[in-house]
Amino acid sequence: MNSNQQFGRGIHMHPISVMIKSLILDLDDTIFTPRSIDSKVVKPFFDALRRTNNVLTEENLELAIEEIHRKPFNLVADHFGFSKPMITESLNVFNKIELNMVITPYDDYTYLKDLSLEKFLVTTGIRKFQLAKIESLHITNDFKEIFIDDPMERLGGKKSIFMSILKKYEYAPKELLVIGDSIESEIKAGKELGMHTLMICRDRIAINSDPEIITSFSEIEDRIIDLN
């Protein structure tokens, strides 16, 4: 096997002994931007939140709705103090929505897809919504296994899922590289378990010399070489 075949795309690659065996990827704001989802798709959900709101000012409710575009629903609900009717009714409405979306991964996803390493997808959010995103993105077959961390199911969070991957596939922590955009979620979980981590910062200027920050999937090859 030549150096172009050994690892991935073969761009400026050198023969190496690969320590990293698998990647664990986040979905939202890592593989694609949730802001590319047509707002009409989830409008009934947000309409239900507004209709049942009995605790927040109009201004704070709109701030909460903006946060839901970036963070898991349960975290926003806890932070803003959604009432039980707000949560129950909005989720009931959400579960009846036909989630037909036309979305695509970030352009640099091709670099990730071409890496000849096993990949796991671990994403947080309402199960129905996350599955619809994955199906619409046509990325299911790119991953060895996909895990949905639905906070409403109280299954233990990403750290628990990472631990199950370690156990099921008999990896050592240092054989896994976690890539995501949230320092408080997947990056924190990976670090606590002794895994390698790369934080992807797409929407802000990153310090390129920081070995734990990337701005594009095209940088992953070089960062993995640096780890070996």
# chains A, B, ... in the order shown; residues from 1 in each chain; ligands from 1
call {"tool": "residues_around", "arguments": {"residues": "Val122 of chain A", "least_positions_apart": "4", "cutoff": "10 Å", "atoms": "only C-alpha atoms", "output": "NGL selection string"}}
result
:A and (24-27 or 145-149 or 157-158 or 161-162 or 178 or 180 or 186)
call {"tool": "write_last_selection", "arguments": {"atoms": "all heavy atoms", "output": "compact mmCIF listing (two decimals), in the first residue's frame"}}
result
# COMPACT_ATOMS: atom_id res chain seq x y z
N ILE A 24 -14.95 10.24 16.22
CA ILE A 24 -16.30 10.45 16.74
C ILE A 24 -16.70 11.87 16.35
O ILE A 24 -16.02 12.83 16.73
CB ILE A 24 -16.38 10.28 18.26
CG1 ILE A 24 -16.01 8.84 18.66
CG2 ILE A 24 -17.76 10.64 18.77
CD1 ILE A 24 -16.00 8.61 20.18
N LEU A 25 -17.79 11.99 15.59
CA LEU A 25 -18.20 13.29 15.06
C LEU A 25 -19.51 13.77 15.66
O LEU A 25 -20.43 12.98 15.87
CB LEU A 25 -18.37 13.21 13.53
CG LEU A 25 -17.16 13.30 12.62
CD1 LEU A 25 -16.45 14.62 12.78
CD2 LEU A 25 -16.25 12.11 12.80
N ASP A 26 -19.58 15.07 15.90
CA ASP A 26 -20.83 15.74 16.21
C ASP A 26 -21.53 16.04 14.88
O ASP A 26 -20.92 15.92 13.80
CB ASP A 26 -20.53 17.02 16.98
CG ASP A 26 -21.76 17.83 17.30
OD1 ASP A 26 -22.77 17.24 17.72
OD2 ASP A 26 -21.72 19.06 17.14
N LEU A 27 -22.80 16.46 14.93
CA LEU A 27 -23.56 16.75 13.71
C LEU A 27 -23.79 18.25 13.51
O LEU A 27 -23.23 18.87 12.61
CB LEU A 27 -24.91 16.03 13.73
CG LEU A 27 -25.83 16.28 12.53
CD1 LEU A 27 -25.21 15.72 11.24
CD2 LEU A 27 -27.20 15.66 12.78
N GLU A 145 -21.48 3.48 13.14
CA GLU A 145 -22.68 3.46 13.97
C GLU A 145 -23.08 4.90 14.30
O GLU A 145 -22.22 5.78 14.41
CB GLU A 145 -22.45 2.66 15.25
CG GLU A 145 -23.71 2.35 16.01
CD GLU A 145 -23.54 1.29 17.11
OE1 GLU A 145 -22.43 0.71 17.21
OE2 GLU A 145 -24.51 1.06 17.84
N ILE A 146 -24.37 5.11 14.44
CA ILE A 146 -24.91 6.44 14.74
C ILE A 146 -25.64 6.38 16.08
O ILE A 146 -26.45 5.47 16.32
CB ILE A 146 -25.86 6.91 13.63
CG1 ILE A 146 -25.07 7.16 12.33
CG2 ILE A 146 -26.62 8.17 14.04
CD1 ILE A 146 -25.94 7.46 11.13
N PHE A 147 -25.35 7.36 16.93
CA PHE A 147 -25.97 7.43 18.25
C PHE A 147 -26.71 8.76 18.39
O PHE A 147 -26.15 9.81 18.07
CB PHE A 147 -24.91 7.33 19.35
CG PHE A 147 -24.14 6.05 19.34
CD1 PHE A 147 -23.00 5.92 18.55
CD2 PHE A 147 -24.53 4.97 20.12
CE1 PHE A 147 -22.26 4.75 18.55
CE2 PHE A 147 -23.79 3.79 20.13
CZ PHE A 147 -22.66 3.68 19.33
N ILE A 148 -27.93 8.70 18.89
CA ILE A 148 -28.72 9.90 19.15
C ILE A 148 -28.81 10.10 20.66
O ILE A 148 -29.37 9.26 21.38
CB ILE A 148 -30.15 9.80 18.58
CG1 ILE A 148 -30.12 9.39 17.11
CG2 ILE A 148 -30.89 11.13 18.78
CD1 ILE A 148 -29.54 10.40 16.18
N ASP A 149 -28.25 11.19 21.14
CA ASP A 149 -28.33 11.55 22.55
C ASP A 149 -29.55 12.45 22.72
O ASP A 149 -29.45 13.67 22.62
CB ASP A 149 -27.04 12.26 22.97
CG ASP A 149 -27.14 12.90 24.35
OD1 ASP A 149 -27.85 12.34 25.20
OD2 ASP A 149 -26.51 13.96 24.56
N GLY A 157 -26.21 11.08 28.25
CA GLY A 157 -25.39 12.07 27.57
C GLY A 157 -24.27 11.49 26.75
O GLY A 157 -24.07 10.28 26.65
N LYS A 158 -23.48 12.39 26.14
CA LYS A 158 -22.44 11.97 25.21
C LYS A 158 -21.32 11.19 25.90
O LYS A 158 -20.75 10.27 25.31
CB LYS A 158 -21.87 13.18 24.46
CG LYS A 158 -22.81 13.71 23.39
CD LYS A 158 -22.15 14.76 22.52
CE LYS A 158 -23.09 15.15 21.38
NZ LYS A 158 -22.50 16.21 20.52
N ILE A 161 -22.28 7.68 26.03
CA ILE A 161 -22.21 7.06 24.70
C ILE A 161 -20.77 6.77 24.31
O ILE A 161 -20.45 5.69 23.79
CB ILE A 161 -22.89 7.97 23.65
CG1 ILE A 161 -24.39 8.04 23.93
CG2 ILE A 161 -22.62 7.45 22.24
CD1 ILE A 161 -25.13 9.04 23.06
N PHE A 162 -19.87 7.73 24.58
CA PHE A 162 -18.46 7.51 24.27
C PHE A 162 -17.92 6.29 25.02
O PHE A 162 -17.14 5.49 24.48
CB PHE A 162 -17.63 8.74 24.64
CG PHE A 162 -17.89 9.96 23.78
CD1 PHE A 162 -17.21 11.15 24.03
CD2 PHE A 162 -18.79 9.93 22.74
CE1 PHE A 162 -17.43 12.27 23.25
CE2 PHE A 162 -19.03 11.05 21.95
CZ PHE A 162 -18.33 12.22 22.21
N VAL A 178 -12.18 12.82 18.89
CA VAL A 178 -13.50 13.44 18.93
C VAL A 178 -13.43 14.80 18.24
O VAL A 178 -12.55 15.62 18.54
CB VAL A 178 -13.98 13.64 20.38
CG1 VAL A 178 -15.34 14.30 20.41
CG2 VAL A 178 -14.01 12.29 21.11
N GLY A 180 -15.84 18.17 17.18
CA GLY A 180 -17.13 18.84 17.32
C GLY A 180 -16.94 20.32 17.60
O GLY A 180 -15.81 20.81 17.72
N GLU A 186 -19.29 17.51 23.49
CA GLU A 186 -18.45 16.40 23.04
C GLU A 186 -16.97 16.59 23.36
O GLU A 186 -16.26 15.62 23.66
CB GLU A 186 -18.64 16.14 21.54
CG GLU A 186 -18.30 17.30 20.64
CD GLU A 186 -19.45 18.26 20.44
OE1 GLU A 186 -20.57 17.97 20.91
OE2 GLU A 186 -19.22 19.31 19.81
call {"tool": "select_by_dssp", "arguments": {"residues": "segment 39-143 of chain A", "states": "strand (DSSP E or B)", "output": "list in words"}}
result
Glu118, Lys119, Phe120, Leu121, Val122, Thr123 and Thr124 of chain A
call {"tool": "residues_around", "arguments": {"residues": "Cys201 of chain A", "least_positions_apart": "6", "cutoff": "10 Å", "atoms": "only C-alpha atoms", "output": "VMD selection string"}}
result
chain A and resid 29 to 30 180 to 182 207 213 to 216
call {"tool": "write_last_selection", "arguments": {"atoms": "N, CA and C atoms", "output": "mmCIF file, in the first residue's frame"}}
result
data_model
loop_
_atom_site.group_PDB
_atom_site.id
_atom_site.type_symbol
_atom_site.label_atom_id
_atom_site.label_comp_id
_atom_site.auth_asym_id
_atom_site.auth_seq_id
_atom_site.Cartn_x
_atom_site.Cartn_y
_atom_site.Cartn_z
ATOM 1 N N ASP A 29 -23.652 22.087 13.394
ATOM 2 C CA ASP A 29 -22.561 23.066 13.360
ATOM 3 C C ASP A 29 -21.187 22.416 13.283
ATOM 4 N N THR A 30 -21.167 21.128 12.973
ATOM 5 C CA THR A 30 -19.921 20.416 12.725
ATOM 6 C C THR A 30 -19.936 19.861 11.305
ATOM 7 N N GLY A 180 -15.842 18.165 17.181
ATOM 8 C CA GLY A 180 -17.125 18.844 17.316
ATOM 9 C C GLY A 180 -16.941 20.316 17.601
ATOM 10 N N ASP A 181 -18.061 21.018 17.734
ATOM 11 C CA ASP A 181 -17.999 22.478 17.916
ATOM 12 C C ASP A 181 -18.252 22.928 19.346
ATOM 13 N N SER A 182 -18.629 22.013 20.238
ATOM 14 C CA SER A 182 -19.022 22.413 21.593
ATOM 15 C C SER A 182 -17.996 21.983 22.635
ATOM 16 N N ILE A 207 -7.119 30.246 16.294
ATOM 17 C CA ILE A 207 -5.668 30.348 16.268
ATOM 18 C C ILE A 207 -5.137 29.081 15.611
ATOM 19 N N ILE A 213 -7.557 23.032 17.733
ATOM 20 C CA ILE A 213 -8.582 23.807 17.031
ATOM 21 C C ILE A 213 -8.369 23.688 15.524
ATOM 22 N N ILE A 214 -9.452 23.433 14.789
ATOM 23 C CA ILE A 214 -9.418 23.458 13.328
ATOM 24 C C ILE A 214 -10.562 24.336 12.827
ATOM 25 N N THR A 215 -10.433 24.812 11.607
ATOM 26 C CA THR A 215 -11.498 25.603 10.996
ATOM 27 C C THR A 215 -12.152 24.859 9.840
ATOM 28 N N SER A 216 -11.567 23.715 9.453
ATOM 29 C CA SER A 216 -12.082 22.950 8.321
ATOM 30 C C SER A 216 -11.678 21.485 8.470
#
call {"tool": "closest_residue", "arguments": {"among": "A:Gly156, A:Gly190, A:Pro105, A:Pro173", "to": "Ile134 of chain A", "atoms": "only C-alpha atoms"}}
result
A:Pro105
call {"tool": "closest_residue", "arguments": {"among": "A:Ser160, A:Thr110, A:Thr52, A:Asn60", "to": "Asp142 of chain A", "atoms": "only C-alpha atoms"}}
result
A:Thr110
call {"tool": "residues_around", "arguments": {"residues": "Ser83 of chain A", "least_positions_apart": "4", "cutoff": "12 Å", "atoms": "only C-alpha atoms", "output": "number ranges by chain"}}
result
A: 49-50, 52-56, 61, 74, 76-79, 87-90
call {"tool": "atom_distance", "arguments": {"atom1": "atom CA of Lys113 of chain A", "atom2": "atom CA of Ile31 of chain A"}}
result
10.6 Å
call {"tool": "residues_around", "arguments": {"residues": "Leu137 of chain A", "least_positions_apart": "6", "cutoff": "12 Å", "atoms": "only C-alpha atoms", "output": "MDAnalysis selection string"}}
result
chainID A and resid 27:28 31:34 36:37 100:106 109 130:131
call {"tool": "residues_around", "arguments": {"residues": "Ala132 of chain A", "least_positions_apart": "3", "cutoff": "8 Å", "atoms": "only C-alpha atoms", "output": "PyMOL selection string"}}
result
chain A and resi 99-101+128-129+135-136
call {"tool": "write_last_selection", "arguments": {"atoms": "all heavy atoms", "output": "short mmCIF file (atom, residue, chain, number, x, y, z; two decimals), in the first residue's frame"}}
result
data_model
loop_
_atom_site.label_atom_id
_atom_site.label_comp_id
_atom_site.auth_asym_id
_atom_site.auth_seq_id
_atom_site.Cartn_x
_atom_site.Cartn_y
_atom_site.Cartn_z
N LEU A 99 -41.09 16.10 8.69
CA LEU A 99 -39.80 16.78 8.60
C LEU A 99 -39.15 16.55 7.24
O LEU A 99 -38.22 15.76 7.08
CB LEU A 99 -38.89 16.30 9.73
CG LEU A 99 -39.37 16.65 11.14
CD1 LEU A 99 -38.49 15.97 12.18
CD2 LEU A 99 -39.37 18.16 11.35
N ASN A 100 -39.66 17.25 6.24
CA ASN A 100 -39.10 17.16 4.89
C ASN A 100 -38.13 18.32 4.70
O ASN A 100 -38.52 19.48 4.62
CB ASN A 100 -40.21 17.22 3.85
CG ASN A 100 -41.18 16.06 3.99
OD1 ASN A 100 -40.76 14.92 4.17
ND2 ASN A 100 -42.48 16.35 3.94
N MET A 101 -36.84 18.00 4.65
CA MET A 101 -35.81 19.03 4.58
C MET A 101 -34.91 18.83 3.38
O MET A 101 -34.63 17.70 2.98
CB MET A 101 -34.97 19.01 5.85
CG MET A 101 -35.73 19.36 7.11
SD MET A 101 -34.69 19.22 8.60
CE MET A 101 -34.68 17.43 8.84
N LYS A 128 -36.35 12.25 16.73
CA LYS A 128 -37.02 12.35 15.43
C LYS A 128 -36.35 13.40 14.54
O LYS A 128 -36.13 13.17 13.34
CB LYS A 128 -38.49 12.69 15.62
CG LYS A 128 -39.25 12.92 14.32
CD LYS A 128 -40.70 13.30 14.58
CE LYS A 128 -41.43 13.63 13.28
NZ LYS A 128 -42.83 14.02 13.51
N PHE A 129 -35.99 14.52 15.13
CA PHE A 129 -35.40 15.62 14.37
C PHE A 129 -34.00 15.25 13.90
O PHE A 129 -33.64 15.48 12.74
CB PHE A 129 -35.36 16.87 15.25
CG PHE A 129 -35.18 18.16 14.50
CD1 PHE A 129 -35.51 18.27 13.15
CD2 PHE A 129 -34.70 19.28 15.15
CE1 PHE A 129 -35.37 19.47 12.47
CE2 PHE A 129 -34.55 20.48 14.48
CZ PHE A 129 -34.89 20.57 13.14
N GLU A 135 -30.95 11.62 7.63
CA GLU A 135 -31.50 11.07 6.40
C GLU A 135 -31.47 12.08 5.27
O GLU A 135 -31.10 11.75 4.13
CB GLU A 135 -32.94 10.61 6.65
CG GLU A 135 -33.60 9.97 5.43
CD GLU A 135 -35.01 9.48 5.70
OE1 GLU A 135 -35.39 9.41 6.89
OE2 GLU A 135 -35.72 9.16 4.74
N SER A 136 -31.80 13.33 5.58
CA SER A 136 -31.82 14.37 4.55
C SER A 136 -30.42 14.70 4.04
O SER A 136 -30.25 15.08 2.88
CB SER A 136 -32.48 15.64 5.10
OG SER A 136 -33.82 15.41 5.48
#
call {"tool": "closest_residue", "arguments": {"among": "A:Ile187, A:Ile220, A:Val41, A:Ala48", "to": "Leu112 of chain A", "atoms": "only C-alpha atoms"}}
result
A:Ile220
call {"tool": "select_by_dssp", "arguments": {"residues": "chain A", "states": "helix (DSSP H, G or I)", "output": "ChimeraX atom specification"}}
result
/A:3-6,34-36,43-52,58-68,73-80,84-94,109-114,127-137,140-142,151-153,157-169,173-175,186-192,217-227
call {"tool": "closest_residue", "arguments": {"among": "A:Glu221, A:Asp226, A:Asp47, A:Asp38", "to": "Asp114 of chain A", "atoms": "only C-alpha atoms"}}
result
A:Glu221
